[in-house]
>>> print(open('model.cif').read())   # mmCIF, C-alpha atoms and all ligand atoms
data_model
#
loop_
_atom_site.label_atom_id
_atom_site.label_comp_id
_atom_site.auth_asym_id
_atom_site.auth_seq_id
_atom_site.Cartn_x
_atom_site.Cartn_y
_atom_site.Cartn_z
CA MET A 1 142.67 93.16 73.09
CA PRO A 2 140.78 96.44 72.60
CA ASN A 3 141.63 99.59 74.61
CA THR A 4 141.57 98.49 78.22
CA VAL A 5 141.71 100.30 81.55
CA LEU A 6 142.90 98.44 84.60
CA VAL A 7 142.22 99.87 88.05
CA GLY A 8 142.32 98.73 91.66
CA ALA A 9 138.99 97.95 93.33
CA GLN A 10 140.13 98.42 96.94
CA TRP A 11 142.66 100.70 98.68
CA GLY A 12 145.57 100.11 96.32
CA ASP A 13 148.22 97.37 96.39
CA GLU A 14 145.82 94.92 94.74
CA GLY A 15 148.59 93.37 92.64
CA LYS A 16 147.79 95.46 89.56
CA GLY A 17 151.40 95.57 88.37
CA LYS A 18 151.45 91.86 87.82
CA ILE A 19 148.11 91.73 85.96
CA ILE A 20 149.17 94.68 83.83
CA ASP A 21 152.34 92.81 83.03
CA VAL A 22 150.30 89.80 81.90
CA LEU A 23 147.83 91.93 79.82
CA THR A 24 150.70 93.84 78.24
CA ASP A 25 151.29 90.84 75.98
CA GLU A 26 148.04 91.70 74.19
CA SER A 27 148.58 95.46 73.93
CA ASP A 28 150.91 97.82 72.09
CA ILE A 29 151.14 100.81 74.41
CA VAL A 30 150.89 100.96 78.21
CA VAL A 31 149.77 104.30 79.64
CA ARG A 32 149.98 105.74 83.17
CA MET A 33 147.23 108.28 83.74
CA GLN A 34 147.42 109.52 87.34
CA GLY A 35 149.34 109.47 90.61
CA GLY A 36 153.07 109.81 90.93
CA ASN A 37 155.88 107.96 92.65
CA ASN A 38 153.55 107.25 95.56
CA ALA A 39 152.70 104.12 93.54
CA GLY A 40 154.87 101.04 93.65
CA HIS A 41 154.35 98.14 91.29
CA THR A 42 156.36 95.03 91.99
CA VAL A 43 156.90 92.66 89.09
CA LEU A 44 158.86 89.44 89.22
CA VAL A 45 160.32 88.22 85.93
CA GLY A 46 162.21 84.99 86.49
CA LYS A 47 164.52 85.78 89.39
CA LYS A 48 164.62 89.53 88.76
CA LYS A 49 162.44 91.74 90.93
CA TYR A 50 161.41 95.15 89.60
CA VAL A 51 159.73 97.82 91.69
CA LEU A 52 158.48 100.57 89.42
CA HIS A 53 157.03 103.80 90.77
CA LEU A 54 156.46 106.01 87.73
CA ILE A 55 157.32 103.99 84.66
CA PRO A 56 154.58 101.63 83.47
CA SER A 57 155.55 98.01 84.02
CA GLY A 58 155.01 97.43 80.28
CA ILE A 59 158.57 98.71 79.87
CA LEU A 60 159.78 95.25 80.89
CA ARG A 61 158.45 93.84 77.60
CA ALA A 62 160.68 94.49 74.62
CA ARG A 63 158.97 96.37 71.75
CA LYS A 64 156.14 97.73 73.96
CA LYS A 65 155.81 101.48 74.21
CA CYS A 66 154.98 103.23 77.47
CA ILE A 67 153.48 106.64 78.06
CA ILE A 68 153.27 108.76 81.20
CA GLY A 69 150.17 110.91 80.66
CA ASN A 70 149.24 114.47 81.58
CA GLY A 71 147.36 113.33 84.71
CA VAL A 72 150.54 112.12 86.41
CA VAL A 73 152.56 114.29 88.81
CA LEU A 74 156.19 113.68 88.21
CA ASP A 75 159.43 114.14 90.08
CA PRO A 76 161.93 114.32 87.19
CA VAL A 77 164.92 113.48 89.39
CA HIS A 78 163.15 110.35 90.56
CA LEU A 79 162.17 109.43 86.98
CA VAL A 80 165.82 109.65 85.88
CA SER A 81 166.88 107.39 88.76
CA GLU A 82 164.18 104.88 87.81
CA ILE A 83 165.39 104.92 84.19
CA ASP A 84 168.98 104.35 85.36
CA GLY A 85 167.85 101.54 87.68
CA LEU A 86 166.19 99.78 84.74
CA LEU A 87 169.30 100.26 82.64
CA LYS A 88 171.38 98.51 85.31
CA LEU A 89 168.98 95.56 85.10
CA GLY A 90 169.39 95.48 81.32
CA THR A 91 166.25 97.39 80.21
CA ASN A 92 166.70 100.44 77.97
CA VAL A 93 163.78 102.88 77.71
CA LYS A 94 165.12 104.69 74.63
CA GLY A 95 162.44 105.07 71.96
CA ARG A 96 159.91 103.25 74.17
CA LEU A 97 159.11 105.66 77.00
CA PHE A 98 157.35 109.00 76.38
CA VAL A 99 156.20 111.59 78.87
CA SER A 100 153.48 114.21 78.49
CA GLN A 101 154.75 117.77 78.38
CA ASN A 102 151.65 118.67 80.43
CA ALA A 103 152.49 116.42 83.40
CA HIS A 104 152.94 118.56 86.51
CA LEU A 105 156.19 118.49 88.44
CA VAL A 106 156.63 117.39 92.02
CA LEU A 107 159.19 119.69 93.63
CA PRO A 108 161.07 119.39 96.92
CA TYR A 109 158.81 121.97 98.60
CA HIS A 110 155.84 119.69 97.87
CA ARG A 111 157.48 116.97 99.94
CA SER A 112 158.27 119.38 102.77
CA LEU A 113 154.67 120.66 102.75
CA ASP A 114 153.34 117.09 102.68
CA ALA A 115 155.33 116.33 105.84
CA LEU A 116 154.33 119.62 107.47
CA ARG A 117 150.60 119.10 106.80
CA GLU A 118 150.75 115.56 108.11
CA ALA A 119 152.55 116.67 111.28
CA SER A 120 150.03 119.45 111.87
CA LYS A 121 147.12 116.98 111.67
CA GLY A 122 148.39 115.01 114.67
CA GLY A 123 146.05 112.07 115.34
CA LYS A 124 144.05 112.83 112.19
CA LYS A 125 146.89 112.48 109.71
CA ILE A 126 146.22 110.77 106.36
CA GLY A 127 149.32 108.59 106.46
CA THR A 128 150.58 109.77 103.07
CA THR A 129 153.57 108.25 101.33
CA GLY A 130 155.44 111.54 101.91
CA ARG A 131 156.15 111.95 98.19
CA GLY A 132 154.58 115.41 97.94
CA ILE A 133 151.61 114.16 95.90
CA GLY A 134 148.83 116.16 97.63
CA PRO A 135 150.66 119.51 97.50
CA ALA A 136 151.67 118.92 93.84
CA TYR A 137 148.07 118.25 92.77
CA GLY A 138 147.04 121.16 95.00
CA ASP A 139 149.24 123.51 92.96
CA LYS A 140 147.85 122.06 89.74
CA VAL A 141 144.27 122.74 90.80
CA ALA A 142 145.21 126.17 92.19
CA ARG A 143 146.74 126.93 88.77
CA VAL A 144 150.20 127.65 90.11
CA GLY A 145 151.83 124.36 89.11
CA ILE A 146 154.97 123.94 87.02
CA ARG A 147 154.79 121.49 84.13
CA LEU A 148 157.34 119.40 82.32
CA ALA A 149 157.04 121.73 79.29
CA ASP A 150 158.20 124.57 81.58
CA LEU A 151 161.23 122.55 82.65
CA MET A 152 162.16 122.20 78.97
CA SER A 153 162.67 126.00 78.85
CA PRO A 154 165.36 126.69 81.47
CA ASP A 155 164.76 130.44 81.76
CA ARG A 156 161.03 130.08 82.13
CA PHE A 157 161.52 127.27 84.65
CA ALA A 158 163.99 129.33 86.70
CA GLY A 159 161.55 132.24 86.93
CA MET A 160 158.61 130.07 87.95
CA LEU A 161 160.68 128.07 90.41
CA LYS A 162 162.06 131.17 92.11
CA GLU A 163 158.55 132.49 92.73
CA ARG A 164 157.15 129.17 93.96
CA ILE A 165 160.10 128.65 96.31
CA ARG A 166 159.65 132.16 97.69
CA VAL A 167 155.96 131.47 98.42
CA ASN A 168 156.42 127.97 99.79
CA ASN A 169 159.41 128.76 101.97
CA ILE A 170 157.19 131.09 104.04
CA PRO A 171 155.26 128.30 105.85
CA LEU A 172 158.39 126.16 106.05
CA ARG A 173 160.29 128.95 107.84
CA GLU A 174 157.29 129.71 110.02
CA HIS A 175 157.36 126.15 111.31
CA GLY A 176 161.11 126.09 111.79
CA LEU A 177 161.68 123.78 108.83
CA LYS A 178 164.58 123.98 106.40
CA PRO A 179 163.74 126.29 103.48
CA VAL A 180 164.20 124.89 99.99
CA SER A 181 167.30 126.15 98.19
CA PHE A 182 166.62 127.67 94.77
CA LYS A 183 170.11 126.99 93.45
CA GLY A 184 170.18 123.35 94.51
CA VAL A 185 166.76 122.56 93.03
CA LEU A 186 167.40 124.51 89.84
CA GLY A 187 170.62 122.59 89.18
CA SER A 188 169.28 119.10 89.84
CA TYR A 189 165.97 119.69 87.99
CA LEU A 190 167.60 121.22 84.91
CA GLU A 191 170.02 118.30 84.80
CA ALA A 192 167.13 115.82 85.03
CA GLY A 193 165.19 117.86 82.44
CA GLU A 194 168.09 117.59 80.01
CA ARG A 195 168.12 113.80 80.43
CA LEU A 196 164.36 113.60 79.92
CA LYS A 197 164.23 115.91 76.88
CA PRO A 198 164.14 113.11 74.29
CA LEU A 199 161.15 111.55 76.06
CA VAL A 200 159.00 114.65 76.50
CA THR A 201 156.34 114.96 73.83
CA ASN A 202 152.71 115.63 72.96
CA THR A 203 151.40 112.29 74.22
CA LEU A 204 147.81 113.27 73.37
CA LEU A 205 148.68 113.33 69.66
CA MET A 206 150.75 110.18 70.01
CA LEU A 207 147.83 108.31 71.54
CA HIS A 208 145.34 109.50 68.92
CA GLU A 209 147.72 108.59 66.10
CA ALA A 210 148.22 105.19 67.68
CA MET A 211 144.44 104.68 67.80
CA GLU A 212 144.17 105.60 64.13
CA GLN A 213 146.73 102.88 63.43
CA LYS A 214 144.56 100.45 65.45
CA LYS A 215 147.17 100.06 68.17
CA ARG A 216 145.85 98.62 71.41
CA LEU A 217 146.15 100.77 74.52
CA LEU A 218 146.37 99.51 78.08
CA PHE A 219 145.81 102.09 80.82
CA GLU A 220 147.56 101.28 84.07
CA GLY A 221 145.76 102.70 87.09
CA ALA A 222 147.71 103.42 90.27
CA GLN A 223 146.35 103.24 93.85
CA GLY A 224 142.73 102.04 94.09
CA THR A 225 139.07 103.05 93.97
CA PHE A 226 138.78 103.98 97.66
CA LEU A 227 141.78 106.30 97.41
CA ASP A 228 140.06 108.29 94.64
CA ILE A 229 139.75 112.02 95.37
CA ASP A 230 136.02 111.95 94.51
CA HIS A 231 134.90 108.40 95.18
CA GLY A 232 137.24 107.30 97.96
CA SER A 233 137.05 107.46 101.75
CA TYR A 234 137.69 111.21 101.79
CA PRO A 235 139.81 112.77 103.30
CA TYR A 236 141.81 109.53 103.67
CA VAL A 237 142.52 109.41 99.96
CA THR A 238 145.19 110.37 97.48
CA SER A 239 144.75 113.52 95.36
CA SER A 240 144.09 112.02 91.92
CA SER A 241 141.29 110.23 90.04
CA THR A 242 142.16 106.60 90.61
CA THR A 243 138.93 105.29 89.07
CA SER A 244 138.40 104.39 85.41
CA GLY A 245 137.32 107.94 84.46
CA GLY A 246 140.86 109.05 85.29
CA ALA A 247 142.04 107.24 82.15
CA SER A 248 140.30 109.85 79.99
CA THR A 249 141.14 113.00 81.94
CA GLY A 250 144.69 111.82 82.56
CA THR A 251 145.52 111.13 78.91
CA GLY A 252 143.04 112.81 76.55
CA VAL A 253 141.67 109.52 75.27
CA PRO A 254 137.88 110.01 75.37
CA PRO A 255 135.57 107.59 77.20
CA ASN A 256 134.02 106.31 73.96
CA ARG A 257 137.44 104.95 72.88
CA ILE A 258 137.69 102.73 75.97
CA ASP A 259 136.36 99.25 75.39
CA ARG A 260 137.04 97.32 78.55
CA VAL A 261 137.53 98.07 82.25
CA VAL A 262 139.24 95.44 84.39
CA GLY A 263 139.09 95.63 88.19
CA VAL A 264 141.83 94.09 90.27
CA MET A 265 141.14 93.03 93.82
CA LYS A 266 142.89 90.94 96.42
CA ALA A 267 141.14 87.84 97.76
CA TYR A 268 141.16 89.78 101.06
CA THR A 269 141.59 93.51 101.76
CA THR A 270 144.57 95.67 102.70
CA ARG A 271 145.23 99.34 103.14
CA VAL A 272 148.20 101.52 104.05
CA GLY A 273 147.71 104.81 105.77
CA GLU A 274 144.91 105.92 108.02
CA GLY A 275 141.15 105.87 107.50
CA PRO A 276 138.14 103.59 107.88
CA PHE A 277 138.50 99.86 107.23
CA PRO A 278 135.41 97.93 108.37
CA THR A 279 136.80 94.41 107.89
CA GLU A 280 140.22 95.06 109.42
CA GLU A 281 141.45 92.06 111.44
CA ALA A 282 144.70 92.33 113.35
CA ALA A 283 145.20 88.53 113.49
CA LEU A 284 145.04 88.33 109.70
CA GLY A 285 147.63 91.11 109.47
CA ASP A 286 149.91 89.25 111.91
CA MET A 287 149.61 86.09 109.84
CA PHE A 288 150.50 87.87 106.56
CA HIS A 289 153.35 89.84 108.12
CA ASN A 290 154.80 86.67 109.65
CA MET A 291 154.66 85.14 106.17
CA GLY A 292 156.68 88.16 104.96
CA ARG A 293 153.72 89.49 102.95
CA GLU A 294 151.90 92.80 102.91
CA PHE A 295 154.64 95.35 103.27
CA GLY A 296 154.32 98.48 101.07
CA ALA A 297 156.42 98.53 97.88
CA THR A 298 157.02 102.30 98.15
CA THR A 299 157.41 102.96 101.87
CA GLY A 300 157.99 99.46 103.30
CA ARG A 301 155.16 100.11 105.80
CA ALA A 302 153.28 97.06 107.09
CA ARG A 303 149.86 97.11 105.44
CA ARG A 304 146.68 96.91 107.48
CA CYS A 305 144.82 93.70 106.61
CA GLY A 306 141.25 92.44 106.73
CA TRP A 307 138.67 90.17 105.14
CA PHE A 308 137.30 90.59 101.62
CA ASP A 309 134.70 93.36 101.64
CA ALA A 310 132.09 92.77 98.96
CA VAL A 311 130.23 95.97 99.87
CA LEU A 312 133.31 97.92 98.79
CA THR A 313 133.96 95.92 95.65
CA ARG A 314 130.29 96.21 94.56
CA HIS A 315 130.65 99.96 94.93
CA ALA A 316 133.89 99.85 92.94
CA CYS A 317 132.05 97.92 90.25
CA MET A 318 129.46 100.74 89.98
CA VAL A 319 131.97 103.58 89.90
CA ASN A 320 134.36 101.97 87.42
CA GLY A 321 132.00 99.90 85.28
CA PHE A 322 134.09 96.74 85.47
CA ASN A 323 133.61 94.40 82.54
CA ASP A 324 135.54 91.79 84.46
CA ILE A 325 137.67 91.30 87.54
CA SER A 326 140.98 89.75 88.42
CA VAL A 327 141.40 88.31 91.92
CA THR A 328 144.97 88.25 93.23
CA ASN A 329 146.84 86.87 96.26
CA VAL A 330 144.57 83.83 96.54
CA ASP A 331 147.59 81.90 97.84
CA GLY A 332 147.66 84.23 100.87
CA LEU A 333 144.58 82.45 102.22
CA ASP A 334 145.94 78.91 101.68
CA GLN A 335 146.49 78.11 105.37
CA LEU A 336 143.20 79.32 106.77
CA LYS A 337 140.56 77.00 108.26
CA SER A 338 137.75 79.45 107.58
CA ILE A 339 137.49 82.63 105.57
CA ASN A 340 135.08 85.54 106.05
CA VAL A 341 133.53 87.68 103.35
CA CYS A 342 131.74 90.88 104.31
CA VAL A 343 128.41 90.95 102.47
CA ALA A 344 126.75 93.91 104.24
CA TYR A 345 127.32 96.36 107.10
CA LYS A 346 125.38 97.04 110.27
CA LEU A 347 124.99 100.75 110.87
CA ASP A 348 122.83 102.03 113.75
CA GLY A 349 121.07 98.67 113.90
CA GLU A 350 120.20 98.73 110.17
CA THR A 351 121.63 96.39 107.54
CA VAL A 352 123.32 98.44 104.80
CA ARG A 353 124.39 97.00 101.47
CA HIS A 354 126.06 100.11 100.04
CA VAL A 355 129.03 102.17 101.14
CA PRO A 356 127.67 105.12 103.15
CA PRO A 357 128.60 108.46 101.56
CA SER A 358 130.06 109.81 104.80
CA THR A 359 133.46 108.56 105.94
CA LEU A 360 132.33 109.15 109.52
CA ASP A 361 129.53 106.62 108.94
CA LEU A 362 131.87 104.16 107.21
CA GLU A 363 134.04 104.33 110.33
CA ARG A 364 131.07 103.15 112.41
CA CYS A 365 130.04 100.27 110.11
CA GLU A 366 130.24 96.74 111.53
CA PRO A 367 130.80 93.98 108.97
CA VAL A 368 128.20 91.25 108.40
CA TYR A 369 130.10 88.12 107.39
CA GLU A 370 129.40 85.02 105.41
CA THR A 371 131.92 82.34 106.36
CA PHE A 372 133.54 79.92 103.91
CA LYS A 373 135.55 76.79 104.67
CA GLY A 374 139.24 77.21 103.84
CA TRP A 375 140.98 74.86 101.38
CA GLN A 376 144.11 74.47 103.54
CA CYS A 377 146.50 73.45 100.82
CA SER A 378 148.88 75.32 98.57
CA THR A 379 147.48 76.92 95.42
CA GLU A 380 150.87 78.25 94.31
CA LYS A 381 151.41 75.58 91.69
CA CYS A 382 147.89 75.74 90.26
CA ARG A 383 147.98 76.72 86.61
CA SER A 384 144.35 76.21 85.57
CA TRP A 385 140.90 76.69 87.10
CA LYS A 386 140.59 72.91 87.49
CA ASP A 387 143.89 72.76 89.41
CA LEU A 388 142.45 74.97 92.13
CA PRO A 389 140.99 73.18 95.17
CA LEU A 390 137.18 72.97 95.07
CA ARG A 391 136.80 75.26 98.10
CA ALA A 392 139.02 77.91 96.51
CA ARG A 393 136.88 77.78 93.38
CA GLN A 394 133.72 78.09 95.47
CA TYR A 395 135.20 81.05 97.34
CA LEU A 396 136.25 82.82 94.14
CA LYS A 397 132.88 82.24 92.48
CA ALA A 398 131.16 83.63 95.57
CA ILE A 399 133.22 86.82 95.73
CA ALA A 400 132.73 87.42 92.01
CA LYS A 401 128.98 86.90 92.45
CA VAL A 402 128.63 89.30 95.39
CA THR A 403 130.81 91.83 93.59
CA GLY A 404 128.63 91.51 90.50
CA ALA A 405 131.36 91.12 87.86
CA LYS A 406 132.74 88.31 85.72
CA LEU A 407 135.95 86.68 86.95
CA SER A 408 138.61 86.85 84.23
CA SER A 409 141.79 85.83 86.03
CA VAL A 410 143.11 84.53 89.32
CA SER A 411 146.58 85.03 90.68
CA VAL A 412 148.24 82.54 93.03
CA GLY A 413 151.71 84.04 93.44
CA PRO A 414 153.99 86.85 92.34
CA ASP A 415 155.38 85.21 89.17
CA ARG A 416 153.88 85.78 85.72
CA LYS A 417 153.33 82.03 85.45
CA GLN A 418 151.19 82.01 88.57
CA THR A 419 148.22 83.57 86.78
CA ILE A 420 145.18 81.56 85.77
CA ARG A 421 143.34 83.09 82.82
CA LEU A 422 139.63 82.37 82.56
CA VAL A 423 138.89 84.41 79.41
P1 LIG A 501 149.59 110.14 99.07
O1 LIG A 501 149.13 109.63 97.75
O2 LIG A 501 151.05 109.95 99.32
O3 LIG A 501 149.14 111.56 99.31
O4 LIG A 501 148.86 109.28 100.23
C1 LIG A 501 147.46 109.35 100.47
C2 LIG A 501 146.91 107.99 100.86
O5 LIG A 501 147.00 107.11 99.75
C3 LIG A 501 147.69 107.31 102.00
O6 LIG A 501 146.79 106.54 102.75
C4 LIG A 501 148.65 106.40 101.26
O7 LIG A 501 149.07 105.31 102.06
C5 LIG A 501 147.76 105.95 100.11
N1 LIG A 501 148.52 105.55 98.92
C6 LIG A 501 149.14 106.33 98.03
N2 LIG A 501 149.71 105.59 97.07
C7 LIG A 501 149.42 104.33 97.33
C8 LIG A 501 149.70 103.09 96.67
O8 LIG A 501 150.33 103.03 95.61
N3 LIG A 501 149.22 101.97 97.27
C9 LIG A 501 148.48 102.01 98.40
N4 LIG A 501 148.19 103.13 99.06
C10 LIG A 501 148.65 104.29 98.52
#
>>> encode(input="model.cif", output="structure tokens")
Amino acid sequence: MPNTVLVGAQWGDEGKGKIIDVLTDESDIVVRMQGGNNAGHTVLVGKKKYVLHLIPSGILRARKKCIIGNGVVLDPVHLVSEIDGLLKLGTNVKGRLFVSQNAHLVLPYHRSLDALREASKGGKKIGTTGRGIGPAYGDKVARVGIRLADLMSPDRFAGMLKERIRVNNIPLREHGLKPVSFKGVLGSYLEAGERLKPLVTNTLLMLHEAMEQKKRLLFEGAQGTFLDIDHGSYPYVTSSSTTSGGASTGTGVPPNRIDRVVGVMKAYTTRVGEGPFPTEEAALGDMFHNMGREFGATTGRARRCGWFDAVLTRHACMVNGFNDISVTNVDGLDQLKSINVCVAYKLDGETVRHVPPSTLDLERCEPVYETFKGWQCSTEKCRSWKDLPLRARQYLKAIAKVTGAKLSSVSVGPDRKQTIRLV
């Protein structure tokens, strides 16, 4: 497999972790390029369930290397706990996990500010994961961030931290919130920094050396296209570049070294957090939640659910340049008598086939559906295209056609084995 980027085509939670896990077999290095521990990838290997937030799921394959790139914002204390959690489950990251010295740190005041900003927005809150992601990227862009390289120099880190805590405690105090303690943070972060020292490196050089040695890179996108800071349903987005271009800026691997872009999408649509969602359908959400599905891996929140929206996925195809797509969670639709696919929107009496640039307009869009007959039998044991019921195949072909990309795999359950490869 050449150098491949995998990204979500919807609002995150498309089941990327599982597809990454499957594609990892054909790659040498798995790279995270953006986001932080707002992400949550669930992977099931046999009976063991792994939920990874920062570490690429490739770590679960022996001999694969994993890199956390410069575009990621990283809470070092959380990373250490994730490493320890893996160790308890029998996976050692030593010599296999490397972290960019240029990754920016998420600090406790980022989390407090995240909560404060959400509270101050009242009814217009974003519904963030509360992990401090927006404020951490905000500091990066404002050029006042602290990076992992700074943490590796305790004196420099202490000086920078003291100043940032002084500045950030002002709004916290103003709003009657607990100020962040310099001593407490300094101690826990230096301790985590010491643990991470062997992993911190110049990942840019590592990646370019790996490419010279013809190693195959797999870039693991977090969140999804419509949470992208530039291309998503702004302001109801995350603060990073979740689209395929983020693979270059978040790692230093240039666009002309990327050979393939894979889009992952659910056979329906979900989103967590606030913001427009034209095909949202409460009854579908109730059905999934009663089945025990569609609860967030990071926050446990019940996801909002709706029909497949081909207007969105076509847009995602344009922005990311998908070579092919992987459709997941097909088994979620097994019981349904009929299934809707949104092929266009109605906006002010006009039929629109593209996502309107304004989020306010997207909020007003009414879906135009094409209805498919359900297959009403279990797909969970299907292992090949031919095993799938005819109506499921027709449905999948139709959503690939309206999206405009080639279908490369179909997932019918959480296990690695429940993946049907078509290429
Ligand atoms: P933040 O990234 O915590 O700032 O949250 C901003 C928006 O992105 C909120 O709507 C979150 O629910 C959403 N979000 C962030 N990470 C994920 C994810 O991994 N899956 C799905 N939604 C996410």
>>> closest_residue(input="model.cif", among="A:Asp324, A:Glu294, A:Glu380, A:Glu363", to="Ser408 of chain A", atoms="only C-alpha atoms")
A:Asp324
>>> residues_near_ligand(input="model.cif", ligand="ligand LIG 501 (chain A)", cutoff="8 Å", atoms="only C-alpha atoms and all ligand atoms", output="JSON, numbers by chain")
{"A": [11, 12, 13, 35, 36, 37, 38, 39, 40, 41, 114, 126, 127, 128, 129, 130, 131, 132, 133, 134, 222, 223, 224, 227, 236, 237, 238, 239, 271, 272, 273, 274, 275, 296, 297, 298]}
>>> residues_around(input="model.cif", residues="segment 177-189 of chain A", least_positions_apart="2", cutoff="8 Å", atoms="all atoms listed in the file", output="PyMOL selection string")
chain A and resi 76-77+108-109+151+158+161-162+165+169+172-175+191-193
>>> closest_residue(input="model.cif", among="A:Thr4, A:Gln376, A:Thr313, A:Thr42", to="Ala344 of chain A", atoms="only C-alpha atoms")
A:Thr313
>>> residues_around(input="model.cif", residues="segment 299-309 of chain A", least_positions_apart="5", cutoff="9 Å", atoms="all atoms listed in the file", output="PyMOL selection string")
chain A and resi 10+38+40+129-130+266-273+277-286+288-289+293-294+314+339-344+367+399
>>> decode(input="model.cif", residues="segment 191-255 of chain A", atoms="C-alpha atoms", output="JSON list (two decimals), in the first residue's frame")
[["chain", "number", "residue", "atom", "x", "y", "z"],
["A", 191, "GLU", "CA", 6.85, 13.88, 35.75],
["A", 192, "ALA", "CA", 4.92, 13.02, 32.57],
["A", 193, "GLY", "CA", 7.62, 14.75, 30.49],
["A", 194, "GLU", "CA", 10.28, 12.55, 32.07],
["A", 195, "ARG", "CA", 8.29, 9.44, 31.15],
["A", 196, "LEU", "CA", 7.79, 10.66, 27.58],
["A", 197, "LYS", "CA", 11.41, 11.72, 27.01],
["A", 198, "PRO", "CA", 12.44, 8.54, 25.15],
["A", 199, "LEU", "CA", 9.54, 9.01, 22.73],
["A", 200, "VAL", "CA", 10.03, 12.68, 21.89],
["A", 201, "THR", "CA", 11.88, 13.20, 18.64],
["A", 202, "ASN", "CA", 12.11, 15.00, 15.31],
["A", 203, "THR", "CA", 9.27, 13.09, 13.65],
["A", 204, "LEU", "CA", 9.63, 15.13, 10.45],
["A", 205, "LEU", "CA", 13.09, 13.65, 9.85],
["A", 206, "MET", "CA", 11.89, 10.22, 10.91],
["A", 207, "LEU", "CA", 9.08, 10.31, 8.36],
["A", 208, "HIS", "CA", 11.32, 11.53, 5.53],
["A", 209, "GLU", "CA", 13.93, 8.87, 6.32],
["A", 210, "ALA", "CA", 11.19, 6.27, 6.36],
["A", 211, "MET", "CA", 10.00, 7.43, 2.93],
["A", 212, "GLU", "CA", 13.55, 7.17, 1.60],
["A", 213, "GLN", "CA", 13.56, 3.57, 2.81],
["A", 214, "LYS", "CA", 10.26, 3.03, 0.94],
["A", 215, "LYS", "CA", 8.31, 2.47, 4.14],
["A", 216, "ARG", "CA", 4.56, 2.82, 3.76],
["A", 217, "LEU", "CA", 2.83, 5.51, 5.80],
["A", 218, "LEU", "CA", -0.76, 5.47, 6.96],
["A", 219, "PHE", "CA", -2.17, 8.78, 8.23],
["A", 220, "GLU", "CA", -4.96, 8.39, 10.75],
["A", 221, "GLY", "CA", -7.39, 11.31, 10.70],
["A", 222, "ALA", "CA", -9.41, 12.12, 13.80],
["A", 223, "GLN", "CA", -12.92, 13.67, 13.88],
["A", 224, "GLY", "CA", -14.46, 14.21, 10.43],
["A", 225, "THR", "CA", -14.75, 16.54, 7.45],
["A", 226, "PHE", "CA", -17.63, 18.62, 8.83],
["A", 227, "LEU", "CA", -15.73, 19.29, 12.05],
["A", 228, "ASP", "CA", -12.84, 20.83, 10.08],
["A", 229, "ILE", "CA", -11.94, 24.36, 11.16],
["A", 230, "ASP", "CA", -12.06, 25.58, 7.53],
["A", 231, "HIS", "CA", -14.43, 23.22, 5.76],
["A", 232, "GLY", "CA", -16.80, 22.19, 8.55],
["A", 233, "SER", "CA", -20.09, 23.60, 9.83],
["A", 234, "TYR", "CA", -18.35, 26.55, 11.50],
["A", 235, "PRO", "CA", -18.52, 27.49, 14.37],
["A", 236, "TYR", "CA", -19.79, 24.02, 15.34],
["A", 237, "VAL", "CA", -16.44, 22.44, 14.56],
["A", 238, "THR", "CA", -13.26, 21.38, 16.27],
["A", 239, "SER", "CA", -10.15, 23.57, 16.00],
["A", 240, "SER", "CA", -7.94, 21.48, 13.70],
["A", 241, "SER", "CA", -7.71, 20.51, 10.02],
["A", 242, "THR", "CA", -9.59, 17.24, 9.95],
["A", 243, "THR", "CA", -9.54, 16.96, 6.15],
["A", 244, "SER", "CA", -6.85, 15.26, 4.07],
["A", 245, "GLY", "CA", -4.73, 18.43, 3.78],
["A", 246, "GLY", "CA", -4.17, 18.18, 7.54],
["A", 247, "ALA", "CA", -1.95, 15.15, 6.88],
["A", 248, "SER", "CA", 0.67, 17.42, 5.31],
["A", 249, "THR", "CA", 0.52, 20.38, 7.68],
["A", 250, "GLY", "CA", 0.27, 18.10, 10.70],
["A", 251, "THR", "CA", 3.35, 16.01, 9.87],
["A", 252, "GLY", "CA", 5.57, 17.73, 7.30],
["A", 253, "VAL", "CA", 4.96, 15.07, 4.66],
["A", 254, "PRO", "CA", 4.23, 17.09, 1.50],
["A", 255, "PRO", "CA", 1.06, 16.55, -0.56]]
